[in-house]
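In what follows, a single structure is set out as structure tokens and then discussed.
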Amino acid sequence: MFAVLRNEHADEKTGSAVTDFDALTHDQQLPVLLELAVASTRNYDLPDGVSVKMVNLSENATYKVEAPDGRRWALRIHRDGYHSKTAIASELAWLIDLRQTGVVMTPTPVKGRDGELIQQVTHPRMPRPRNVVLFEWEAGVEPGIGEDLSEPFEVLGEVTARMHMHTRQWQRPAWFSRFTWDFDTSLGDNNPHWGQWRDGMGIDAATEDLFGRTVDLIGKRLSAYGKAPDRFGLIHCDLRLANLLIDGKAVKVIDFDDCGFGWYMYDAATPVSFYEHEPQVPGLIESWKAGYRKVLDLPKADEDEIPTFVMLRRLLLVAWIGSHSETDLAKSMGLPYTEGTVGLCEGYLKRFS
């Protein structure tokens, strides 16, 4: 079932829809996305009178949908051209199996009135329909870097190991398709997923030289480390604090939008995303490793490479901020994040060169 907004922006002479979304400024796009989100709710069996409010804009636009009786859902409008419908279905297949098999609490997707989990919704100002997914709202609180996170990180390490064990045994659907997150698609020169690290905010000649030497060293180490099946497989890829919910003693994992094929130890680096420079990070990683070892062995070669994945992630986020400068998250990190990366690169080069 497709929800179609009434075309209030039709060309007066031809009556054809104006599909100029990409030409709009960021601020002009927001009300259009909200209109699409409101229209999307009609594709689901939801109560009358629901409210729709944006909670996050990153790769996708995510909204809180709330009914008058207090029930809530999370509505995700997928970015145009980022993931195919098959790739989104693959994400949902994995997170559903993780929840059903008791590996970890993940969001529950809601079927539309037509029985499909992925809805395609049109808007007259958009050239193509957008893929939309609705999830039941998960209770819990996002952890903050200023809190005592040693216990949650230990639980997260245990949960991550269970996810890694699951993916090694799970029989994926034949049509399963997700991004690969390796060196080339992260920091390489040929169309990396999140843009070029050189386009990060405030990178001058000296910074580019330092970052470039760091990138080269990361590439050499990961080439030597390799992609053996016990090191490289299907992972979450974005276990940062914003994608975790603490509900009592449980750690829930949300937002599988970036899940794909990568190094298992990359999942050790993403929980400290945007905070890699904070003094408590080494201790948090130790807590994560302690939890991981409760489920799976952690060979020394894997443990020794975690700093490389932290550095890889940091530079990948420098690239993301540069290519997503219009988002609130990128604005909040901005130039200071690039500046804070300098010391991390210097330390990494000193340690591993």
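Each chain in the structure tokens gets a letter, A, B and so on, in the order shown; residues start at 1 in every chain, and ligands are counted from 1 in the order they appear.
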Exercise. For segment 248-255 of chain A, list every protein, DNA or RNA residue within 6 Å, evaluated using only C-alpha atoms, and leave out those in the same chain fewer than 4 positions away; present the list as JSON, numbers by chain.
Key: {"A": [105, 106, 243, 244]}
The selected residues should be written to file as a CSV table (one decimal), in the first residue's frame (atoms: all heavy atoms).
```
chain,number,residue,atom,x,y,z
A,105,MET,N,18.5,-8.3,22.7
A,105,MET,CA,17.3,-7.6,22.4
A,105,MET,C,17.5,-6.6,21.3
A,105,MET,O,18.4,-5.7,21.4
A,105,MET,CB,16.8,-6.9,23.7
A,105,MET,CG,16.4,-7.9,24.8
A,105,MET,SD,14.9,-8.7,24.4
A,105,MET,CE,13.7,-7.4,24.6
A,106,THR,N,16.7,-6.7,20.3
A,106,THR,CA,16.8,-5.8,19.1
A,106,THR,C,15.4,-5.2,18.8
A,106,THR,O,14.4,-5.8,19.3
A,106,THR,CB,17.3,-6.5,17.9
A,106,THR,OG1,16.4,-7.6,17.5
A,106,THR,CG2,18.7,-7.1,18.1
A,243,ASN,N,23.4,4.0,19.9
A,243,ASN,CA,22.7,2.8,19.4
A,243,ASN,C,22.6,1.7,20.5
A,243,ASN,O,22.3,0.6,20.2
A,243,ASN,CB,23.4,2.3,18.2
A,243,ASN,CG,23.3,3.2,17.0
A,243,ASN,OD1,22.4,4.0,17.0
A,243,ASN,ND2,24.2,3.2,16.1
A,244,LEU,N,22.8,2.1,21.7
A,244,LEU,CA,22.6,1.2,22.8
A,244,LEU,C,21.6,1.7,23.8
A,244,LEU,O,21.5,3.0,24.0
A,244,LEU,CB,24.0,1.0,23.6
A,244,LEU,CG,25.2,0.6,22.8
A,244,LEU,CD1,26.4,0.6,23.7
A,244,LEU,CD2,25.0,-0.7,22.1
```
Quiz item: Could you pull out the alpha helix (DSSP H) residues of segment 76-186 of chain A from DSSP and send them as a ChimeraX atom specification?
Solution: /A:85-100,150-169,183-186
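If you measure from each of A:Trp73, A:Asp27, A:Arg213, A:Thr167 to Pro47 of chain A using only C-alpha atoms, the closest one turns out to be A:Trp73.
Neighbours of segment 271-285 of chain A closer than or equal to 8 Å, with only C-alpha atoms counted and sequence neighbours fewer than 2 positions away skipped, come out as Ile145, Leu149, Ser150, Phe153, Asp238, Leu239, Arg240, Leu241, Asp267, Ala268, Ala269, Ser287, Trp288, Lys289, Val310, Arg313, Arg314, Leu317, Met333, Tyr337, Gly340, Thr341 and Leu344 of chain A.
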Self-check item: Of the listed residues A:Ala242, A:Leu187, A:Val133, A:Cys345, that which approaches Thr214 of chain A most closely, counting only C-alpha atoms
Solution: A:Cys345
Hey, could you make a per-residue contact list for segment 194-275 of chain A against segment 318-329 of chain A with 12 Å as the cut-off, showing the nearest pair of atoms and its distance in Å to one decimal, counting only C-alpha atoms, sorted by chain and number, as JSON lines?
```
{"residue": "A:Trp194", "atom": "CA", "partner": "A:Trp320", "partner_atom": "CA", "distance": 5.2}
{"residue": "A:Gly195", "atom": "CA", "partner": "A:Ala319", "partner_atom": "CA", "distance": 5.5}
{"residue": "A:Gln196", "atom": "CA", "partner": "A:Ala319", "partner_atom": "CA", "distance": 5.4}
{"residue": "A:Trp197", "atom": "CA", "partner": "A:Ala319", "partner_atom": "CA", "distance": 4.0}
{"residue": "A:Arg198", "atom": "CA", "partner": "A:Ala319", "partner_atom": "CA", "distance": 7.1}
{"residue": "A:Asp199", "atom": "CA", "partner": "A:Gly322", "partner_atom": "CA", "distance": 5.6}
{"residue": "A:Gly200", "atom": "CA", "partner": "A:Gly322", "partner_atom": "CA", "distance": 4.1}
{"residue": "A:Met201", "atom": "CA", "partner": "A:Gly322", "partner_atom": "CA", "distance": 5.5}
{"residue": "A:Gly202", "atom": "CA", "partner": "A:Gly322", "partner_atom": "CA", "distance": 9.2}
{"residue": "A:Ile203", "atom": "CA", "partner": "A:Val318", "partner_atom": "CA", "distance": 9.7}
{"residue": "A:Thr207", "atom": "CA", "partner": "A:Val318", "partner_atom": "CA", "distance": 11.9}
{"residue": "A:Glu208", "atom": "CA", "partner": "A:Val318", "partner_atom": "CA", "distance": 11.7}
{"residue": "A:Phe211", "atom": "CA", "partner": "A:Val318", "partner_atom": "CA", "distance": 10.3}
{"residue": "A:Ala242", "atom": "CA", "partner": "A:Leu329", "partner_atom": "CA", "distance": 11.0}
{"residue": "A:Ser273", "atom": "CA", "partner": "A:Val318", "partner_atom": "CA", "distance": 10.8}
{"residue": "A:Phe274", "atom": "CA", "partner": "A:Val318", "partner_atom": "CA", "distance": 9.4}
```
Quiz item: atom CA of Leu312 of chain A and atom CA of Tyr266 of chain A, how far apart in Å?
Solution: 8.6 Å
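The spacing separating atom CA of Leu217 of chain A from atom CA of Asp184 of chain A amounts to 13.4 Å.
Closest approach to Asp209 of chain A from the set A:Met54, A:Met265, A:Ala23, A:Glu346 is made by A:Glu346, with distances taken over only C-alpha atoms.
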Exercise. Just list the residues in segment 67-251 of chain A DSSP gives strand (DSSP E) on the backbone, as an MDAnalysis selection string.
Key: chainID A and resid 72:77 109:110 119:121 130:136 180:181 232:235 244:247 250:251
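Compared by their closest atoms to Lys331 of chain A, and using only C-alpha atoms, the residues A:Gln171, A:Thr41, A:Gln28, A:Ser58 rank with A:Ser58 nearest.
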Got a sec: who's within 12 Å of Arg99 of chain A, counting only C-alpha atoms, leaving out chain neighbours fewer than 4 positions off, as a PDB file with N, CA and C atoms, in the first residue's frame?
```pdb
ATOM      1  N   LEU A  92      16.893  -6.471   8.376  1.00  0.00           N
ATOM      2  CA  LEU A  92      15.758  -6.887   9.205  1.00  0.00           C
ATOM      3  C   LEU A  92      15.799  -8.382   9.479  1.00  0.00           C
ATOM      4  N   ALA A  93      16.208  -9.167   8.489  1.00  0.00           N
ATOM      5  CA  ALA A  93      16.282 -10.619   8.688  1.00  0.00           C
ATOM      6  C   ALA A  93      17.259 -10.960   9.808  1.00  0.00           C
ATOM      7  N   TRP A  94      18.397 -10.254   9.842  1.00  0.00           N
ATOM      8  CA  TRP A  94      19.385 -10.551  10.879  1.00  0.00           C
ATOM      9  C   TRP A  94      18.909 -10.120  12.260  1.00  0.00           C
ATOM     10  N   LEU A  95      18.407  -8.894  12.388  1.00  0.00           N
ATOM     11  CA  LEU A  95      18.014  -8.430  13.717  1.00  0.00           C
ATOM     12  C   LEU A  95      16.816  -9.212  14.249  1.00  0.00           C
ATOM     13  N   VAL A 103      19.667 -14.016  21.355  1.00  0.00           N
ATOM     14  CA  VAL A 103      21.051 -13.555  21.393  1.00  0.00           C
ATOM     15  C   VAL A 103      21.146 -12.172  22.027  1.00  0.00           C
ATOM     16  N   VAL A 104      20.253 -11.272  21.612  1.00  0.00           N
ATOM     17  CA  VAL A 104      20.262  -9.901  22.121  1.00  0.00           C
ATOM     18  C   VAL A 104      18.897  -9.284  21.833  1.00  0.00           C
ATOM     19  N   MET A 105      18.507  -8.344  22.660  1.00  0.00           N
ATOM     20  CA  MET A 105      17.271  -7.608  22.420  1.00  0.00           C
ATOM     21  C   MET A 105      17.501  -6.587  21.317  1.00  0.00           C
ATOM     22  N   THR A 106      16.731  -6.712  20.252  1.00  0.00           N
ATOM     23  CA  THR A 106      16.815  -5.807  19.111  1.00  0.00           C
ATOM     24  C   THR A 106      15.427  -5.245  18.827  1.00  0.00           C
ATOM     25  N   PRO A 107      15.328  -4.172  18.035  1.00  0.00           N
ATOM     26  CA  PRO A 107      14.009  -3.610  17.721  1.00  0.00           C
ATOM     27  C   PRO A 107      13.140  -4.600  16.945  1.00  0.00           C
ATOM     28  N   THR A 108      11.839  -4.503  17.163  1.00  0.00           N
ATOM     29  CA  THR A 108      10.877  -5.357  16.466  1.00  0.00           C
ATOM     30  C   THR A 108      10.223  -4.570  15.339  1.00  0.00           C
ATOM     31  N   PRO A 109      10.468  -4.953  14.083  1.00  0.00           N
ATOM     32  CA  PRO A 109       9.819  -4.239  12.970  1.00  0.00           C
ATOM     33  C   PRO A 109       8.338  -4.582  12.891  1.00  0.00           C
ATOM     34  N   VAL A 159      27.530  -9.388  24.926  1.00  0.00           N
ATOM     35  CA  VAL A 159      26.490  -9.368  23.890  1.00  0.00           C
ATOM     36  C   VAL A 159      27.121  -9.416  22.496  1.00  0.00           C
ATOM     37  N   ARG A 162      28.259 -12.826  21.605  1.00  0.00           N
ATOM     38  CA  ARG A 162      27.127 -13.689  21.244  1.00  0.00           C
ATOM     39  C   ARG A 162      26.659 -13.391  19.817  1.00  0.00           C
ATOM     40  N   MET A 163      26.673 -12.126  19.442  1.00  0.00           N
ATOM     41  CA  MET A 163      26.306 -11.755  18.069  1.00  0.00           C
ATOM     42  C   MET A 163      27.305 -12.327  17.070  1.00  0.00           C
ATOM     43  N   HIS A 166      26.725 -15.965  16.727  1.00  0.00           N
ATOM     44  CA  HIS A 166      25.508 -16.197  15.954  1.00  0.00           C
ATOM     45  C   HIS A 166      25.778 -16.075  14.457  1.00  0.00           C
ATOM     46  N   LYS A 252      20.435  -3.291  25.278  1.00  0.00           N
ATOM     47  CA  LYS A 252      19.744  -3.539  24.015  1.00  0.00           C
ATOM     48  C   LYS A 252      20.522  -2.875  22.880  1.00  0.00           C
ATOM     49  N   VAL A 253      20.483  -3.490  21.715  1.00  0.00           N
ATOM     50  CA  VAL A 253      21.194  -2.980  20.555  1.00  0.00           C
ATOM     51  C   VAL A 253      20.167  -2.554  19.507  1.00  0.00           C
ATOM     52  N   ILE A 254      20.268  -1.299  19.065  1.00  0.00           N
ATOM     53  CA  ILE A 254      19.344  -0.771  18.067  1.00  0.00           C
ATOM     54  C   ILE A 254      20.128  -0.304  16.848  1.00  0.00           C
TER      55      ILE A 254
END
```
